[in-house]
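Enquirer: Got a structure for you, written out below as structure tokens; questions coming shortly.
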Amino acid sequence: MAEPLLEMKNVSHVYVNDKGAALAVDQFSLTMQSGEFVSLVGPSGCGKTTVLSIIAGLLKPVAGEVKIDGKPVSQPSGEVGYMLQQDYLFPWRTIMENATIGLELTGKRSPEREKYVLRLLLEMGLGNHIHALPHQLSGGMRQRVALVRTLATEPNLLLLDEPFSALDYQTKMQLEDLVWQTLRDRNKTVLLVTHDIAEAIAMSDRVIVMGRNPGRIRHQVDIPEAIRETTPFHAREKSGFHELFHQIWKYLEESTSEGARP
Amino acid sequence: MNSPEYELYQGYLRQKRKERIAVMLTQFIIVIGLIAAWEFAGRMNKIDTLLFSYPSKILRLLYDRLLEGTLLNHVGVTLAETSVGFLLGTVCGTALAAAIWWFRFLSKVLDPFLVVLNSMPKVALGPLIIVAIGPNVVSVIATALAVTVIITTLVVHSSFREVDESYIKVVRIFGATRADVFRKVILPASFPTIVSTLKVNVGLAWIGVVVGEFLVSKQGLGYLIIYGFQVFNFTLVIGSLFIIAIAATLMYQAVAVLEKKLIGHRQN
């Protein structure tokens with residue numbers, strides 16, 4: 001087997017503030033092969049976002065090691081893409097300027113890269129809005145710009161932190177398909193954090209269920225090929241989807257009650 | 001021929017226009033009425049014209065001074081001092097806010113001092129500024145700066161801190177340094193606040209400049225007021241006040257137009 005793209009071993013993180021120290025993530029281990037799509041589901045406060053921040057190099061874990069492509073992560077570098085719950089496009093920058101901010105910051109700006117960004121924007125149906133300002137676009141369009149911004153520096157690993165949660169249902173379904181297809185075509189490795197069990201099953205190859213207090217992996221569920229190979233929209237109609245949904249639902253209920261404070 | 005919606009819309013517009021005209025007309029009548037009453041009372045000696053003068057006398061004085069060429073000179077000096085004062089206050093305040101944002105330790109150390117300085121009436125520093133700098137234009141500008149700089153620092157710094165962490169996260173992912181975060185996120189995000197402090201500072205700088213001119217100057221509208229007071233020429237005092245009101249309004253409007261130009265296209 002090839003060397004994994006992401007390797008996390010026994011990663012723990014403690015948040016310290018005026019109130020004290022809280023163990024947010026405990027002994028978290030995860031290995032992801034190149035091209036894999038993994039989802040993290042779990043109750044709020046189970047440390048999902050903390051895990052993403054650690055992988056991105058934004059947070060230094062208290063213990064454990066994180067390696068991407070065999071190299072330990074020490075700080076953010078543009079090698080890892082991160083998509084947030086909301087688009088957070090800069091209101092004073094045009095769509096093109098927003099999409100290329102990563103190139104500016106990583107010093108990767110070049111005519112070829114800009115052409116690549118332009119092509120992505122066209123692919124996402126944003127061709128007519130390149131010089132528009134973010135407030136002129138709908139929520140779905142803005143999140144597509146955020147996806148282009150994330151892809152602009154051509155990271156191999158993408159971290160998606162509930163990127164569809166702020167959208168209305170229809171837009172969310174459309175965007176799930178678009179993101180899934182776009183990332184699959186480019187053979188990106190993706191770690192998705194979500195509250196939505198159906199979304200996790202429909203999009204990923206593997207679902208990891210986390211529990212809280214402290215944040216820990218409880219279960220792993222492999223998604224069968226029939227669902228994996230289908231676009232997220234149609235995956236929801238495949239046989240076996242509902243059984244998986246109920247299984248993960250049960251795991252989540254368990255992990256929520258286990259972690260509940262007495 | 002016309003749709004009912006069109007008719008309703010036209011009716012709505014007519015109604016609006018009517019109201020606007022009524023408001024303006026009332027305002028006009030108030031102003032004219034007050035001036036006429038003042039003029040009448042002055043000429044009929046119903047009020048003490050030595051203290052309160054009256055409109056035509058004031059206008060005649062201003063006109064004479066204008067012909068002499070001294071009035072424009074005074075106006076020019078005051079306008080220049082105020083402009084320099086409020087621009088300098090905004091720039092220095094923003095720079096100070098940036099320093100405080102950059103060095104968190106500094107921000108914690110300076111916090112109580114800034115609070116004290118902010119609560120203090122800065123024009124009270126006037127005499128100290130004059131002995132420190134000397135009785136000249138620089139002192140007047142320094143007084144205006146003293147009035148504007150602290151509040152600018154506080155307002156701009158709090159706007160720096162209110163920038164959503166997620167915007168910072170967006171650039172940090174790409175390996176942004178602290179300087180990048182400031183240049184690409186914090187400063188442009190706070191730009192509307194900085195421009196709007198310009199507007200507040202126009203008003204504050206007028207206070208600083210007029211007080212400064214009271215204390216030291218041989219030129220400017222503040223000087224005319226204090227001079228008119230000393231020689232008991234209240235026509236001059238009221239005339240200068242009148243010009244200050246016009247100049248300050250025009251300056252404020254100019255900055256408001258500038259603000260619209262700079263950030264009018266921006267919406268969240």
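Residue numbers start at 1 in each chain; chains themselves are named A, B, ... in the order of the structure tokens; ligands are numbered from 1 in the order shown.
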Using only C-alpha atoms, determine which residues lie at most 9 Å from segment 126-138 of chain B, disregarding the query and same-chain residues fewer than 2 positions distant; provide the list as a list in words.

Expert: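 The residues that qualify are Val77, Glu81, Lys122, Val123, Ala124, Val140, Ile141, Ala142, Thr143, Ala146, Gly208, Val211, Gly212, Glu213, Leu215, Val216, Ser217 and Lys218 of chain B.
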
Enquirer: Give me a file of those residues, with all heavy atoms, as a compact mmCIF listing (two decimals), in the first residue's frame.

Expert:
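File out_7.txt, as written:
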# COMPACT_ATOMS: atom_id res chain seq x y z
N VAL B 77 -7.05 80.45 7.13
CA VAL B 77 -6.17 79.95 8.19
C VAL B 77 -6.92 78.89 9.03
O VAL B 77 -6.41 77.79 9.27
CB VAL B 77 -5.69 81.10 9.09
CG1 VAL B 77 -5.07 80.56 10.37
CG2 VAL B 77 -4.69 81.96 8.34
N GLU B 81 -6.04 74.92 9.37
CA GLU B 81 -5.71 74.32 10.67
C GLU B 81 -6.65 73.14 10.98
O GLU B 81 -6.22 72.08 11.44
CB GLU B 81 -5.83 75.36 11.79
CG GLU B 81 -4.71 76.38 11.80
CD GLU B 81 -5.04 77.59 12.67
OE1 GLU B 81 -6.21 77.75 13.07
OE2 GLU B 81 -4.11 78.37 12.95
N LYS B 122 -9.88 67.36 26.51
CA LYS B 122 -8.54 67.61 25.97
C LYS B 122 -8.21 69.09 25.79
O LYS B 122 -7.04 69.48 25.84
CB LYS B 122 -8.37 66.89 24.62
CG LYS B 122 -7.65 65.55 24.71
CD LYS B 122 -8.50 64.44 25.29
CE LYS B 122 -9.70 64.17 24.44
NZ LYS B 122 -10.54 63.08 25.03
N VAL B 123 -9.24 69.92 25.58
CA VAL B 123 -8.93 71.35 25.37
C VAL B 123 -8.31 71.97 26.63
O VAL B 123 -7.64 72.98 26.54
CB VAL B 123 -10.17 72.16 24.95
CG1 VAL B 123 -10.56 71.84 23.53
CG2 VAL B 123 -11.32 71.94 25.91
N ALA B 124 -8.52 71.30 27.77
CA ALA B 124 -7.90 71.78 29.01
C ALA B 124 -6.39 71.71 28.94
O ALA B 124 -5.68 72.36 29.71
CB ALA B 124 -8.42 70.97 30.20
N VAL B 140 -2.03 75.39 17.70
CA VAL B 140 -3.45 75.27 17.37
C VAL B 140 -3.74 73.88 16.79
O VAL B 140 -4.68 73.19 17.19
CB VAL B 140 -3.88 76.37 16.38
CG1 VAL B 140 -5.35 76.21 16.01
CG2 VAL B 140 -3.62 77.74 16.96
N ILE B 141 -2.88 73.47 15.87
CA ILE B 141 -3.05 72.15 15.26
C ILE B 141 -2.87 71.06 16.31
O ILE B 141 -3.62 70.08 16.34
CB ILE B 141 -2.07 71.96 14.09
CG1 ILE B 141 -2.45 72.91 12.94
CG2 ILE B 141 -2.06 70.52 13.61
CD1 ILE B 141 -1.44 73.00 11.85
N ALA B 142 -1.89 71.25 17.20
CA ALA B 142 -1.66 70.26 18.25
C ALA B 142 -2.88 70.12 19.15
O ALA B 142 -3.22 69.02 19.61
CB ALA B 142 -0.43 70.64 19.07
N THR B 143 -3.56 71.24 19.42
CA THR B 143 -4.78 71.18 20.24
C THR B 143 -5.85 70.35 19.52
O THR B 143 -6.50 69.49 20.13
CB THR B 143 -5.31 72.59 20.53
OG1 THR B 143 -4.23 73.41 20.96
CG2 THR B 143 -6.37 72.57 21.61
N ALA B 146 -4.91 66.79 19.77
CA ALA B 146 -5.16 66.25 21.11
C ALA B 146 -6.62 65.86 21.27
O ALA B 146 -6.95 64.86 21.90
CB ALA B 146 -4.75 67.27 22.17
N GLY B 208 -11.05 71.97 18.80
CA GLY B 208 -9.63 72.15 19.13
C GLY B 208 -9.08 73.42 18.51
O GLY B 208 -8.38 74.20 19.17
N VAL B 211 -10.59 76.70 20.12
CA VAL B 211 -10.00 76.92 21.44
C VAL B 211 -8.53 77.32 21.32
O VAL B 211 -8.06 78.25 21.98
CB VAL B 211 -10.16 75.67 22.34
CG1 VAL B 211 -9.35 75.83 23.62
CG2 VAL B 211 -11.62 75.44 22.67
N GLY B 212 -7.84 76.64 20.43
CA GLY B 212 -6.42 76.96 20.20
C GLY B 212 -6.28 78.41 19.77
O GLY B 212 -5.40 79.14 20.26
N GLU B 213 -7.14 78.85 18.87
CA GLU B 213 -7.07 80.24 18.39
C GLU B 213 -7.46 81.24 19.47
O GLU B 213 -6.91 82.33 19.54
CB GLU B 213 -7.97 80.42 17.16
CG GLU B 213 -7.37 79.76 15.91
CD GLU B 213 -8.26 79.91 14.69
OE1 GLU B 213 -9.43 80.31 14.83
OE2 GLU B 213 -7.78 79.60 13.60
N LEU B 215 -6.66 80.97 22.44
CA LEU B 215 -5.53 81.07 23.37
C LEU B 215 -4.33 81.78 22.77
O LEU B 215 -3.67 82.55 23.45
CB LEU B 215 -5.12 79.68 23.85
CG LEU B 215 -6.14 78.97 24.74
CD1 LEU B 215 -5.70 77.56 25.01
CD2 LEU B 215 -6.33 79.74 26.04
N VAL B 216 -3.99 81.51 21.54
CA VAL B 216 -2.73 82.04 21.03
C VAL B 216 -2.81 82.91 19.80
O VAL B 216 -1.97 83.79 19.61
CB VAL B 216 -1.72 80.92 20.68
CG1 VAL B 216 -1.18 80.32 21.93
CG2 VAL B 216 -2.33 79.90 19.76
N SER B 217 -3.77 82.68 18.94
CA SER B 217 -3.58 83.09 17.58
C SER B 217 -3.72 84.58 17.33
O SER B 217 -4.32 85.32 18.11
CB SER B 217 -4.58 82.32 16.74
OG SER B 217 -4.44 82.65 15.42
N LYS B 218 -3.16 85.02 16.21
CA LYS B 218 -3.36 86.38 15.71
C LYS B 218 -4.21 86.32 14.44
O LYS B 218 -4.43 87.31 13.77
CB LYS B 218 -2.00 87.02 15.38
CG LYS B 218 -1.13 87.26 16.60
CD LYS B 218 -1.55 88.51 17.36
CE LYS B 218 -0.96 88.53 18.75
NZ LYS B 218 -1.73 87.67 19.70

Enquirer: Write down, as a list in words, each residue of chain B that has any atom within 9 Å of an atom of chain A, counting only C-alpha atoms.

Expert: Ser166, Tyr167, Lys169, Val170, Val171, Arg172, Ile173, Phe174, Gly175, Ala176, Thr177, Asp180, Lys184, Val185, Pro188, Ala189, Ile263, His265, Arg266, Gln267 and Asn268 of chain B

Enquirer: Excluding segment 179-189 of chain A and any residue of its chain fewer than 3 positions from it, enumerate the residues within 6 Å of it, using only C-alpha atoms, and give them as number ranges by chain.

Expert: A: 34-37, 156-157, 175-176

Enquirer: Could you please take those selected residues and save N, CA and C atoms as a PDB file, in the first residue's frame?

Expert:
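Okay, this is what ended up in out23.pdb:
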ATOM      1  N   SER A  34      -4.499   8.733  -0.232  1.00  0.00           N
ATOM      2  CA  SER A  34      -4.707   9.755  -1.242  1.00  0.00           C
ATOM      3  C   SER A  34      -5.999   9.466  -2.013  1.00  0.00           C
ATOM      4  N   GLY A  35      -6.818  10.465  -2.192  1.00  0.00           N
ATOM      5  CA  GLY A  35      -8.060  10.316  -2.942  1.00  0.00           C
ATOM      6  C   GLY A  35      -9.244   9.888  -2.102  1.00  0.00           C
ATOM      7  N   GLU A  36      -9.015   9.651  -0.827  1.00  0.00           N
ATOM      8  CA  GLU A  36     -10.103   9.199   0.034  1.00  0.00           C
ATOM      9  C   GLU A  36     -10.994  10.363   0.476  1.00  0.00           C
ATOM     10  N   PHE A  37     -12.269  10.062   0.704  1.00  0.00           N
ATOM     11  CA  PHE A  37     -13.222  11.065   1.204  1.00  0.00           C
ATOM     12  C   PHE A  37     -13.765  10.545   2.532  1.00  0.00           C
ATOM     13  N   ASN A 156      -3.585  19.195  -1.881  1.00  0.00           N
ATOM     14  CA  ASN A 156      -3.996  17.807  -2.073  1.00  0.00           C
ATOM     15  C   ASN A 156      -5.049  17.391  -1.060  1.00  0.00           C
ATOM     16  N   LEU A 157      -4.959  18.007   0.108  1.00  0.00           N
ATOM     17  CA  LEU A 157      -5.884  17.650   1.180  1.00  0.00           C
ATOM     18  C   LEU A 157      -6.843  18.804   1.434  1.00  0.00           C
ATOM     19  N   LEU A 175     -24.989  21.866  -4.373  1.00  0.00           N
ATOM     20  CA  LEU A 175     -23.589  22.120  -4.084  1.00  0.00           C
ATOM     21  C   LEU A 175     -22.863  20.837  -3.659  1.00  0.00           C
ATOM     22  N   GLU A 176     -23.559  19.979  -2.931  1.00  0.00           N
ATOM     23  CA  GLU A 176     -22.953  18.692  -2.556  1.00  0.00           C
ATOM     24  C   GLU A 176     -22.489  17.931  -3.793  1.00  0.00           C
TER      25      GLU A 176
END

Enquirer: By how many Å are atom CA of Leu252 of chain A and atom CA of Lys9 of chain A apart?

Expert: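 These atoms are spaced 23.3 Å apart.
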
Enquirer: Could you check which of B:Lys46, B:Arg178, B:Arg60, B:His74 is closest to Ser240 of chain B, using only C-alpha atoms?

Expert: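 Ranking B:Lys46, B:Arg178, B:Arg60, B:His74 by distance to Ser240 of chain B, first place goes to B:His74.
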
Enquirer: By how many Å are atom CA of Val11 of chain A and atom CA of Glu65 of chain A apart?

Expert: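 Calculated distance between atom CA of Val11 of chain A and atom CA of Glu65 of chain A is 6.1 Å.
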
Enquirer: A:Ser44, A:Thr100, A:Asn17, A:Ser74: which is nearest Leu147 of chain A, counting only C-alpha atoms?

Expert: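 Distance minimum relative to Leu147 of chain A lands on A:Thr100.
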
Enquirer: Which of these, A:Ser29, A:Gln220, A:Ser39, A:Ser110, has the shortest distance to Ile197 of chain A once you count only C-alpha atoms?

Expert: A:Ser39

Enquirer: Show me, as a list in words, the residues that have an atom within 7 Å of Leu6 of chain A when counting only C-alpha atoms, minus same-chain residues fewer than 3 positions from it.

Expert: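 So the residues in contact are Thr31, Met32, Gln33, Lys67, Ile68 and Asp69 of chain A.
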
Enquirer: Mind dumping the selected residues with C-alpha atoms as a PDB file, in the first residue's frame?

Expert:
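Final output, saved to out_7.pdb:
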ATOM      1  CA  THR A  31      -4.973   7.607   8.423  1.00  0.00           C
ATOM      2  CA  MET A  32      -6.200   8.743   5.047  1.00  0.00           C
ATOM      3  CA  GLN A  33      -5.069   7.421   1.681  1.00  0.00           C
ATOM      4  CA  LYS A  67       2.023  14.062   9.100  1.00  0.00           C
ATOM      5  CA  ILE A  68       0.941  15.095   5.642  1.00  0.00           C
ATOM      6  CA  ASP A  69       2.788  13.370   2.805  1.00  0.00           C
TER       7      ASP A  69
END

Enquirer: Please report the interatomic distance between atom CA of Val200 of chain B and atom CA of Val115 of chain B in Å with one decimal.

Expert: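 Atom CA of Val115 of chain B lies at a distance of 18.7 Å from atom CA of Val200 of chain B.
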
Enquirer: Using only C-alpha atoms, find each residue of segment 87-164 of chain A with at least one atom at most 10 Å away from an atom of segment 46-51 of chain A; report its shortest atom-to-atom pair and that distance in Å (one decimal), sort the rows by chain and rising residue number, and return the result as JSON lines.

Expert:
{"residue": "A:Leu159", "atom": "CA", "partner": "A:Thr49", "partner_atom": "CA", "distance": 9.7}
{"residue": "A:Leu160", "atom": "CA", "partner": "A:Thr49", "partner_atom": "CA", "distance": 9.6}
{"residue": "A:Asp161", "atom": "CA", "partner": "A:Thr49", "partner_atom": "CA", "distance": 6.8}
{"residue": "A:Glu162", "atom": "CA", "partner": "A:Thr49", "partner_atom": "CA", "distance": 9.3}
